[in-house]
>>> print(open('start_0.cif').read())   # mmCIF, C-alpha atoms
data_my_file
#
loop_
_atom_site.label_atom_id
_atom_site.label_comp_id
_atom_site.auth_asym_id
_atom_site.auth_seq_id
_atom_site.Cartn_x
_atom_site.Cartn_y
_atom_site.Cartn_z
CA MET F 20 6.86 6.27 62.63
CA LYS F 21 10.52 6.90 63.36
CA ASN F 22 10.16 10.50 62.16
CA LEU F 23 7.20 11.00 64.51
CA LEU F 24 9.18 9.63 67.46
CA LYS F 25 12.09 11.90 66.58
CA ILE F 26 9.80 14.94 66.42
CA SER F 27 8.29 13.99 69.78
CA LYS F 28 11.73 13.72 71.37
CA ILE F 29 12.68 17.14 70.02
CA GLN F 30 9.43 18.68 71.26
CA ASN F 31 9.90 17.01 74.64
CA LEU F 32 13.42 18.41 74.93
CA LEU F 33 12.28 21.91 73.95
CA LEU F 34 9.58 21.84 76.63
CA GLN F 35 12.09 20.60 79.21
CA LEU F 36 14.51 23.40 78.30
CA ALA F 37 11.72 25.99 78.44
CA ILE F 38 10.68 24.87 81.94
CA PHE F 39 14.30 24.77 83.11
CA ALA F 40 14.97 28.28 81.77
CA ALA F 41 11.73 29.71 83.21
CA THR F 42 12.41 28.24 86.64
CA CYS F 43 15.99 29.52 86.74
CA PHE F 44 14.96 32.97 85.53
CA PHE F 45 12.17 33.44 88.04
CA ILE F 46 14.28 32.25 90.97
CA TYR F 47 17.25 34.41 89.94
CA ASN F 48 14.99 37.42 89.38
CA GLN F 49 13.39 37.11 92.80
CA VAL F 50 16.49 36.32 94.84
CA PHE F 51 19.18 38.39 93.14
CA LEU F 52 17.55 41.19 91.12
CA LYS F 53 15.09 42.53 93.67
CA ASN F 54 16.74 45.59 95.20
CA ASP F 55 13.81 47.00 97.15
CA GLN F 56 14.71 45.31 100.44
CA PRO F 57 18.28 46.40 101.29
CA GLU F 58 17.68 46.30 105.04
CA LEU F 59 16.30 42.81 104.78
CA TRP F 60 19.27 41.58 102.78
CA ALA F 61 21.62 43.20 105.29
CA LEU F 62 19.89 41.26 108.07
CA LEU F 63 20.07 38.01 106.10
CA LYS F 64 23.78 38.53 105.51
CA SER F 65 24.31 39.12 109.22
CA VAL F 66 23.00 35.62 109.96
CA ALA F 67 26.48 34.19 109.43
CA LEU F 68 27.71 36.32 112.31
CA LYS F 69 25.22 34.95 114.84
CA PRO F 70 26.50 32.24 117.19
CA GLY F 71 24.96 28.84 116.55
CA TYR F 72 23.52 29.81 113.19
CA GLU F 73 24.84 26.58 111.62
CA VAL F 74 22.76 24.43 113.96
CA THR F 75 19.58 26.49 113.49
CA ILE F 76 19.80 26.63 109.69
CA SER F 77 20.72 22.94 109.52
CA ILE F 78 17.64 22.05 111.58
CA VAL F 79 15.35 24.17 109.39
CA ILE F 80 16.84 22.71 106.18
CA GLY F 81 16.57 19.20 107.63
CA LEU F 82 12.89 19.82 108.41
CA MET F 83 12.44 21.03 104.82
CA PHE F 84 13.60 17.67 103.50
CA CYS F 85 11.32 15.90 106.01
CA ASN F 86 8.45 18.05 104.81
CA TRP F 87 8.87 17.21 101.12
CA PHE F 88 9.74 13.57 101.77
CA ILE F 89 6.43 13.22 103.62
CA GLU F 90 4.69 14.83 100.66
CA ALA F 91 6.41 12.29 98.40
CA VAL F 92 5.18 9.46 100.65
CA LYS F 93 1.65 10.89 100.51
CA TRP F 94 1.68 11.20 96.71
CA LYS F 95 3.18 7.74 96.26
CA TYR F 96 0.48 6.33 98.54
CA LEU F 97 -2.30 8.02 96.58
CA ILE F 98 -0.97 7.42 93.07
CA ALA F 99 -0.46 3.69 93.77
CA ARG F 100 -4.10 3.19 92.76
CA ILE F 101 -3.17 3.80 89.12
CA GLU F 102 0.61 3.24 89.01
CA ILE F 103 3.21 1.82 91.39
CA ILE F 104 6.25 4.08 91.70
CA SER F 105 9.33 4.01 93.91
CA PHE F 106 9.92 6.47 96.74
CA SER F 107 12.91 8.03 94.96
CA TYR F 108 10.80 8.52 91.83
CA ALA F 109 8.07 10.17 93.91
CA VAL F 110 10.66 12.51 95.47
CA GLN F 111 11.91 13.51 92.02
CA ALA F 112 8.35 14.16 90.85
CA VAL F 113 7.56 16.28 93.92
CA PHE F 114 10.70 18.43 93.60
CA THR F 115 10.08 18.89 89.88
CA GLY F 116 6.55 20.00 90.67
CA VAL F 117 7.93 22.63 93.05
CA SER F 118 10.19 23.93 90.26
CA ILE F 119 7.33 24.32 87.80
CA SER F 120 5.10 25.86 90.46
CA THR F 121 7.45 28.84 90.79
CA PHE F 122 6.00 30.48 87.69
CA THR F 123 2.44 29.13 87.67
CA PRO F 124 -0.60 30.63 89.45
CA ASN F 125 -1.43 29.06 92.81
CA ARG F 126 1.27 26.42 92.23
CA VAL F 127 -0.79 24.45 89.72
CA GLY F 128 2.53 23.54 88.12
CA GLU F 129 2.99 20.98 90.90
CA TYR F 130 0.37 18.82 89.20
CA ILE F 131 2.13 19.05 85.83
CA GLY F 132 5.53 18.31 87.31
CA ARG F 133 4.25 15.15 88.95
CA VAL F 134 1.91 13.58 86.40
CA PHE F 135 4.44 13.82 83.58
CA PHE F 136 6.59 11.42 85.58
CA LEU F 137 3.93 8.74 85.20
CA LYS F 138 4.94 6.15 82.63
CA ASN F 139 1.65 4.45 81.77
CA ALA F 140 -1.20 5.73 83.94
CA SER F 141 -3.72 8.32 82.80
CA ARG F 142 -2.37 11.80 83.43
CA ILE F 143 -5.84 13.21 83.93
CA GLU F 144 -6.47 10.67 86.66
CA GLY F 145 -3.02 11.51 88.04
CA ILE F 146 -3.97 15.19 88.27
CA LEU F 147 -7.26 14.39 90.00
CA ILE F 148 -5.47 12.12 92.49
CA THR F 149 -2.88 14.84 93.14
CA ILE F 150 -5.78 17.21 93.80
CA VAL F 151 -7.03 14.79 96.49
CA GLY F 152 -3.69 15.21 98.27
CA SER F 153 -3.89 19.00 97.91
CA MET F 154 -7.42 18.95 99.27
CA ALA F 155 -6.19 17.16 102.39
CA GLN F 156 -3.45 19.77 102.88
CA LEU F 157 -5.91 22.60 102.32
CA LEU F 158 -8.36 21.02 104.74
CA VAL F 159 -5.74 20.93 107.50
CA THR F 160 -4.86 24.58 106.83
CA VAL F 161 -8.51 25.67 106.97
CA LEU F 162 -9.34 23.64 110.09
CA LEU F 163 -6.36 24.90 112.07
CA GLY F 164 -6.67 28.41 110.66
CA THR F 165 -10.28 28.75 111.78
CA ILE F 166 -9.42 27.35 115.20
CA ALA F 167 -6.69 29.99 115.38
CA ILE F 168 -9.32 32.66 114.68
CA LEU F 169 -11.25 31.55 117.77
CA ILE F 170 -8.09 31.86 119.87
CA PHE F 171 -6.92 35.09 118.22
CA ILE F 172 -10.10 37.11 118.81
CA PRO F 173 -10.26 36.94 122.64
CA GLN F 174 -6.50 37.46 122.91
CA TYR F 175 -6.11 40.41 120.58
CA ILE F 176 -9.63 41.78 119.98
CA PRO F 177 -11.30 41.56 123.43
CA ILE F 178 -14.11 43.95 122.47
CA MET F 179 -15.63 41.09 120.49
CA ILE F 180 -15.92 39.09 123.68
CA PHE F 181 -17.03 41.65 126.23
CA SER F 182 -19.19 43.99 124.17
CA HIS F 183 -20.53 41.62 121.52
CA ALA F 184 -20.19 38.14 122.99
CA TYR F 185 -23.02 36.80 120.87
CA LEU F 186 -21.03 37.53 117.71
CA TYR F 187 -18.18 35.41 119.01
CA TYR F 188 -20.50 32.55 119.97
CA ALA F 189 -22.16 32.73 116.55
CA LEU F 190 -18.73 32.57 114.92
CA PHE F 191 -17.85 29.58 117.10
CA ILE F 192 -20.98 27.72 116.00
CA LEU F 193 -20.35 28.66 112.36
CA ILE F 194 -16.81 27.29 112.51
CA VAL F 195 -17.97 24.06 114.16
CA LEU F 196 -20.54 23.62 111.38
CA LEU F 197 -17.90 24.42 108.77
CA HIS F 198 -15.54 21.81 110.23
CA THR F 199 -18.32 19.23 110.26
CA LEU F 200 -19.21 19.99 106.65
CA LEU F 201 -15.63 19.95 105.34
CA LEU F 202 -14.71 16.73 107.13
CA SER F 203 -17.92 15.08 105.94
CA LEU F 204 -17.21 16.09 102.36
CA PHE F 205 -13.59 14.93 102.51
CA PHE F 206 -14.44 11.53 103.95
CA ASN F 207 -17.15 11.07 101.34
CA LEU F 208 -15.19 11.95 98.22
CA SER F 209 -16.98 9.19 96.37
CA PHE F 210 -20.00 11.50 96.14
CA LEU F 211 -18.08 13.43 93.47
CA ALA F 212 -18.03 10.30 91.35
CA THR F 213 -21.80 10.00 91.85
CA ILE F 214 -22.56 13.63 91.12
CA LYS F 215 -20.65 13.57 87.84
CA GLU F 216 -22.95 10.80 86.62
CA LYS F 217 -25.85 13.25 86.88
CA ILE F 218 -24.00 16.33 85.64
CA LEU F 219 -22.04 14.83 82.74
CA ARG F 220 -24.25 13.17 80.18
CA ASN F 221 -23.46 10.42 77.68
CA GLY F 222 -21.88 12.90 75.30
CA LEU F 223 -19.09 13.43 77.82
CA LYS F 224 -18.62 9.79 78.69
CA ARG F 225 -14.90 10.05 78.00
CA ILE F 226 -14.52 12.69 80.70
CA ARG F 227 -16.84 10.97 83.16
CA LYS F 228 -14.64 7.91 83.49
CA PHE F 229 -11.79 9.91 84.99
CA PHE F 230 -13.88 10.92 88.00
CA ARG F 231 -13.86 7.35 89.23
CA VAL F 232 -10.65 8.21 91.09
CA PHE F 233 -12.73 9.90 93.80
CA ALA F 234 -14.20 6.52 94.65
CA PHE F 235 -10.79 4.84 94.97
CA TYR F 236 -10.17 5.70 98.61
CA HIS F 237 -11.87 4.50 101.78
CA ASN F 238 -12.06 6.46 105.02
CA ARG F 239 -9.01 4.78 106.55
CA GLU F 240 -6.90 5.72 103.53
CA LEU F 241 -8.19 9.27 103.56
CA ALA F 242 -7.42 9.47 107.29
CA THR F 243 -3.85 8.39 106.53
CA VAL F 244 -3.53 11.12 103.90
CA LEU F 245 -4.96 13.68 106.33
CA THR F 246 -2.48 12.59 109.03
CA LEU F 247 0.44 12.99 106.65
CA SER F 248 -0.86 16.44 105.70
CA LEU F 249 -1.12 17.41 109.38
CA THR F 250 2.45 16.22 109.96
CA ARG F 251 3.65 18.41 107.09
CA TYR F 252 1.74 21.36 108.52
CA LEU F 253 3.32 20.96 111.95
CA ILE F 254 6.76 20.76 110.35
CA PHE F 255 6.63 23.96 108.29
CA SER F 256 4.86 25.81 111.11
CA SER F 257 7.66 24.82 113.49
CA GLN F 258 10.21 25.97 110.92
CA PHE F 259 8.60 29.40 110.91
CA PHE F 260 8.67 29.55 114.71
CA ILE F 261 12.35 28.53 114.85
CA LEU F 262 13.26 31.28 112.38
CA ILE F 263 11.12 33.89 114.15
CA ARG F 264 12.98 33.19 117.40
CA PHE F 265 16.30 33.00 115.60
CA PHE F 266 15.81 36.53 114.24
CA GLY F 267 15.22 37.91 117.70
CA ILE F 268 11.42 37.92 118.18
CA PRO F 269 10.82 36.75 121.81
CA ILE F 270 7.43 35.16 121.22
CA SER F 271 6.19 31.95 122.86
CA TYR F 272 5.52 28.82 120.80
CA PHE F 273 1.76 28.93 121.45
CA ASP F 274 1.37 32.60 120.46
CA ALA F 275 3.52 32.10 117.38
CA ILE F 276 1.64 28.99 116.20
CA VAL F 277 -1.72 30.78 116.50
CA LEU F 278 -0.46 33.68 114.37
CA ILE F 279 1.29 31.36 111.91
CA ALA F 280 -1.92 29.36 111.46
CA LEU F 281 -3.74 32.60 110.62
CA ILE F 282 -1.03 33.58 108.15
CA TYR F 283 -1.25 30.27 106.30
CA PHE F 284 -5.04 30.43 106.35
CA ILE F 285 -5.07 33.90 104.79
CA MET F 286 -2.43 32.93 102.23
CA THR F 287 -4.59 30.06 100.95
CA ALA F 288 -7.36 32.54 100.14
CA ILE F 289 -5.14 34.89 98.09
CA PRO F 290 -4.48 33.97 94.43
CA THR F 291 -0.74 34.22 93.85
CA ILE F 292 2.31 32.93 92.05
CA ALA F 293 4.92 31.29 94.29
CA LEU F 294 7.50 33.96 93.56
CA THR F 295 5.20 36.94 94.18
CA GLU F 296 4.11 35.08 97.32
CA LEU F 297 7.47 35.99 98.86
CA GLY F 298 6.56 39.66 99.35
CA LEU F 299 2.93 38.88 100.11
CA ARG F 300 3.87 36.38 102.82
CA GLY F 301 6.07 39.00 104.47
CA SER F 302 3.28 41.60 104.45
CA VAL F 303 0.70 39.19 105.91
CA SER F 304 3.21 38.03 108.55
CA LEU F 305 3.97 41.60 109.59
CA TYR F 306 0.27 42.37 109.92
CA PHE F 307 -0.56 39.49 112.26
CA PHE F 308 2.65 39.55 114.29
CA GLY F 309 1.98 43.27 114.70
CA PHE F 310 -0.97 42.38 116.96
CA TRP F 311 1.38 40.48 119.25
CA LEU F 312 3.87 43.39 119.25
CA SER F 313 1.14 45.88 120.16
CA LYS F 314 -0.09 43.71 123.01
CA THR F 315 3.23 42.67 124.55
CA ASN F 316 5.39 45.67 123.60
CA PRO F 317 8.69 43.80 124.12
CA GLY F 318 10.71 46.75 122.79
CA THR F 319 12.10 44.91 119.78
CA ASP F 320 13.66 47.62 117.61
CA PHE F 321 14.23 45.34 114.63
CA PHE F 322 10.82 43.65 114.81
CA ASN F 323 9.81 44.34 111.19
CA ALA F 324 13.15 43.25 109.80
CA GLY F 325 13.10 40.10 111.95
CA VAL F 326 9.62 39.02 110.80
CA LEU F 327 10.45 39.74 107.15
CA ALA F 328 13.77 37.91 107.42
CA ALA F 329 12.06 34.84 108.90
CA SER F 330 9.44 34.89 106.11
CA VAL F 331 12.02 35.27 103.35
CA PHE F 332 14.34 32.67 104.82
CA LEU F 333 11.46 30.22 105.16
CA TRP F 334 10.50 30.81 101.52
CA MET F 335 14.09 30.35 100.34
CA ILE F 336 14.48 27.09 102.28
CA ASN F 337 11.04 25.55 101.70
CA LEU F 338 10.49 26.64 98.09
CA GLY F 339 13.70 28.13 96.71
CA ILE F 340 16.00 25.20 97.50
CA PRO F 341 13.50 22.51 96.42
CA ALA F 342 12.86 24.44 93.18
CA VAL F 343 16.57 24.46 92.42
CA ILE F 344 16.80 20.74 93.21
CA GLY F 345 13.78 20.13 91.01
CA THR F 346 15.50 21.63 87.96
CA ILE F 347 17.86 18.65 88.04
CA PHE F 348 14.93 16.33 87.40
CA VAL F 349 13.11 18.49 84.84
CA PHE F 350 14.83 16.57 82.06
CA ARG F 351 13.12 13.38 83.21
CA LEU F 352 9.70 14.77 82.34
CA ARG F 353 8.01 12.94 79.48
CA PHE F 354 5.41 15.11 77.76
CA PHE F 355 5.12 12.69 74.85
CA ARG F 356 5.20 8.97 75.38
CA LYS F 357 4.69 5.89 73.25
CA PRO F 358 1.14 4.54 73.09
CA VAL F 359 0.71 1.64 75.47
CA ASN F 360 -0.84 -1.54 74.07
CA LEU F 361 -3.11 -2.66 76.90
CA SER F 362 -4.48 -5.66 75.02
#
>>> encode(input="start_0.cif", output="structure tokens")
Amino acid sequence: MKNLLKISKIQNLLLQLAIFAATCFFIYNQVFLKNDQPELWALLKSVALKPGYEVTISIVIGLMFCNWFIEAVKWKYLIARIEIISFSYAVQAVFTGVSISTFTPNRVGEYIGRVFFLKNASRIEGILITIVGSMAQLLVTVLLGTIAILIFIPQYIPIMIFSHAYLYYALFILIVLLHTLLLSLFFNLSFLATIKEKILRNGLKRIRKFFRVFAFYHNRELATVLTLSLTRYLIFSSQFFILIRFFGIPISYFDAIVLIALIYFIMTAIPTIALTELGLRGSVSLYFFGFWLSKTNPGTDFFNAGVLAASVFLWMINLGIPAVIGTIFVFRLRFFRKPVNLS
């Protein structure tokens, strides 16, 4: 028994070291070894020369901590159904998840980084509960992104309104129906627990029991989770706006938020790894902010560099810094744990 525990500790340490090394490598590779954006790096370096940059960057970094602390509150609130954890422990789990997500597709590493902090609860149930929180965040992104589409079209593609108004009205009805469907599904998550009874037969009884987590939460609790997700969304959207203005793009808050909502909406539909997302986010941002530039023509010579700089800076603050912080807590992950005697 002692030999088995010793082997488990060694395996646990090796996995921790592998995750730590992978996270550090991917972050270093993206931030320091990419040499295809010299103009962008020159603009980023010039930030220190701008008056008041300390205040702006401090505000954006402060909002980053608010963003992830709210996510920690949300996860702690959800996971309490299977295990009570402290706020500080939830923060560590969330930051560790960000670290692991840097080299996993569509940030699925966030689930691993969190559930391996659980001491006794089922990790499969922990993953499913974490997915509930992600669903709430995705729902907010889709709802606001589709609303942004309805605002974007008449502002930047007027031909859809004046020549083919019926297409716009059909799209409006479609989006209203989509919102109704998505909200109905989210506030009736328990139906997933019912459906699995019909889909998964007795032979998969062991798997079926884990789906009970979808019946854990009532509408009021789901509304709380959705509110926390909306708060997070408003925070990182405001961060993007602050950086866009900081880098010299004279766009109003309303116009920026509409375009930012579209950017986040499109990004959710593109499979990606967090690190490759850096370049992709910049390209998508340039595309949508280009509509505003074409319409307003403010004469901003460094428009492209400003949008890219804001995108990169936002990535570095919202994902890069938390990923680095998360590496500190990687060594608290427990991939192998002692069996718990529940008798």
>>> closest_residue(input="start_0.cif", among="F:Leu245, F:Ile101, F:Ser302, F:Leu169", to="Arg142 (chain F)", atoms="only C-alpha atoms")
F:Ile101
>>> residues_around(input="start_0.cif", residues="Phe284 (chain F)", least_positions_apart="5", cutoff="8 Å", atoms="all atoms listed in the file", output="ChimeraX atom specification")
/F:160-161,164-165
>>> write_last_selection(input="start_0.cif", atoms="C-alpha atoms", output="PDB file, keeping the file's coordinate frame")
ATOM      1  CA  THR F 160      -4.860  24.580 106.830  1.00  0.00           C
ATOM      2  CA  VAL F 161      -8.510  25.670 106.970  1.00  0.00           C
ATOM      3  CA  GLY F 164      -6.670  28.410 110.660  1.00  0.00           C
ATOM      4  CA  THR F 165     -10.280  28.750 111.780  1.00  0.00           C
TER       5      THR F 165
END
>>> residues_near_point(input="start_0.cif", point="(4.4, 37.7, 108.0)", cutoff="7 Å", atoms="all atoms listed in the file", output="VMD selection string")
chain F and resid 282 300 to 308 326 to 327 330
>>> resolve_selection(input="start_0.cif", expression="the PyMOL selection byres ((chain F and resi 95) around 9)", output="ChimeraX atom specification")
/F:90-94,96-99,102-106,108-110
>>> residues_near_point(input="start_0.cif", point="(17.0, 36.9, 112.5)", cutoff="7 Å", atoms="only C-alpha atoms", output="ChimeraX atom specification")
/F:62,66,262-263,265-267,325,328-329
>>> atom_distance(input="start_0.cif", atom1="CA of Asn337 (chain F)", atom2="CA of Ser257 (chain F)")
12.3 Å
>>> resolve_selection(input="start_0.cif", expression="the PyMOL selection byres ((chain F and resi 86-88) around 8)", output="compact mmCIF listing (two decimals) with C-alpha atoms, in the frame of the given file")
# COMPACT_ATOMS: atom_id res chain seq x y z
CA LEU F 82 12.89 19.82 108.41
CA MET F 83 12.44 21.03 104.82
CA PHE F 84 13.60 17.67 103.50
CA CYS F 85 11.32 15.90 106.01
CA ILE F 89 6.43 13.22 103.62
CA GLU F 90 4.69 14.83 100.66
CA ALA F 91 6.41 12.29 98.40
CA VAL F 92 5.18 9.46 100.65
CA VAL F 110 10.66 12.51 95.47
CA VAL F 113 7.56 16.28 93.92
CA PHE F 114 10.70 18.43 93.60
CA ARG F 251 3.65 18.41 107.09
CA ILE F 254 6.76 20.76 110.35
CA PHE F 255 6.63 23.96 108.29
>>> resolve_selection(input="start_0.cif", expression="the PyMOL selection byres ((chain F and resi 128) around 12)", output="MDAnalysis selection string")
chainID F and resid 38 42 112:127 129:135 146 149:150 292:293 342
>>> atom_distance(input="start_0.cif", atom1="CA of Ala234 (chain F)", atom2="CA of Leu193 (chain F)")
29.0 Å
>>> closest_residue(input="start_0.cif", among="F:Phe259, F:Ala288, F:Thr346, F:Pro269", to="Ile76 (chain F)", atoms="all atoms listed in the file")
F:Phe259
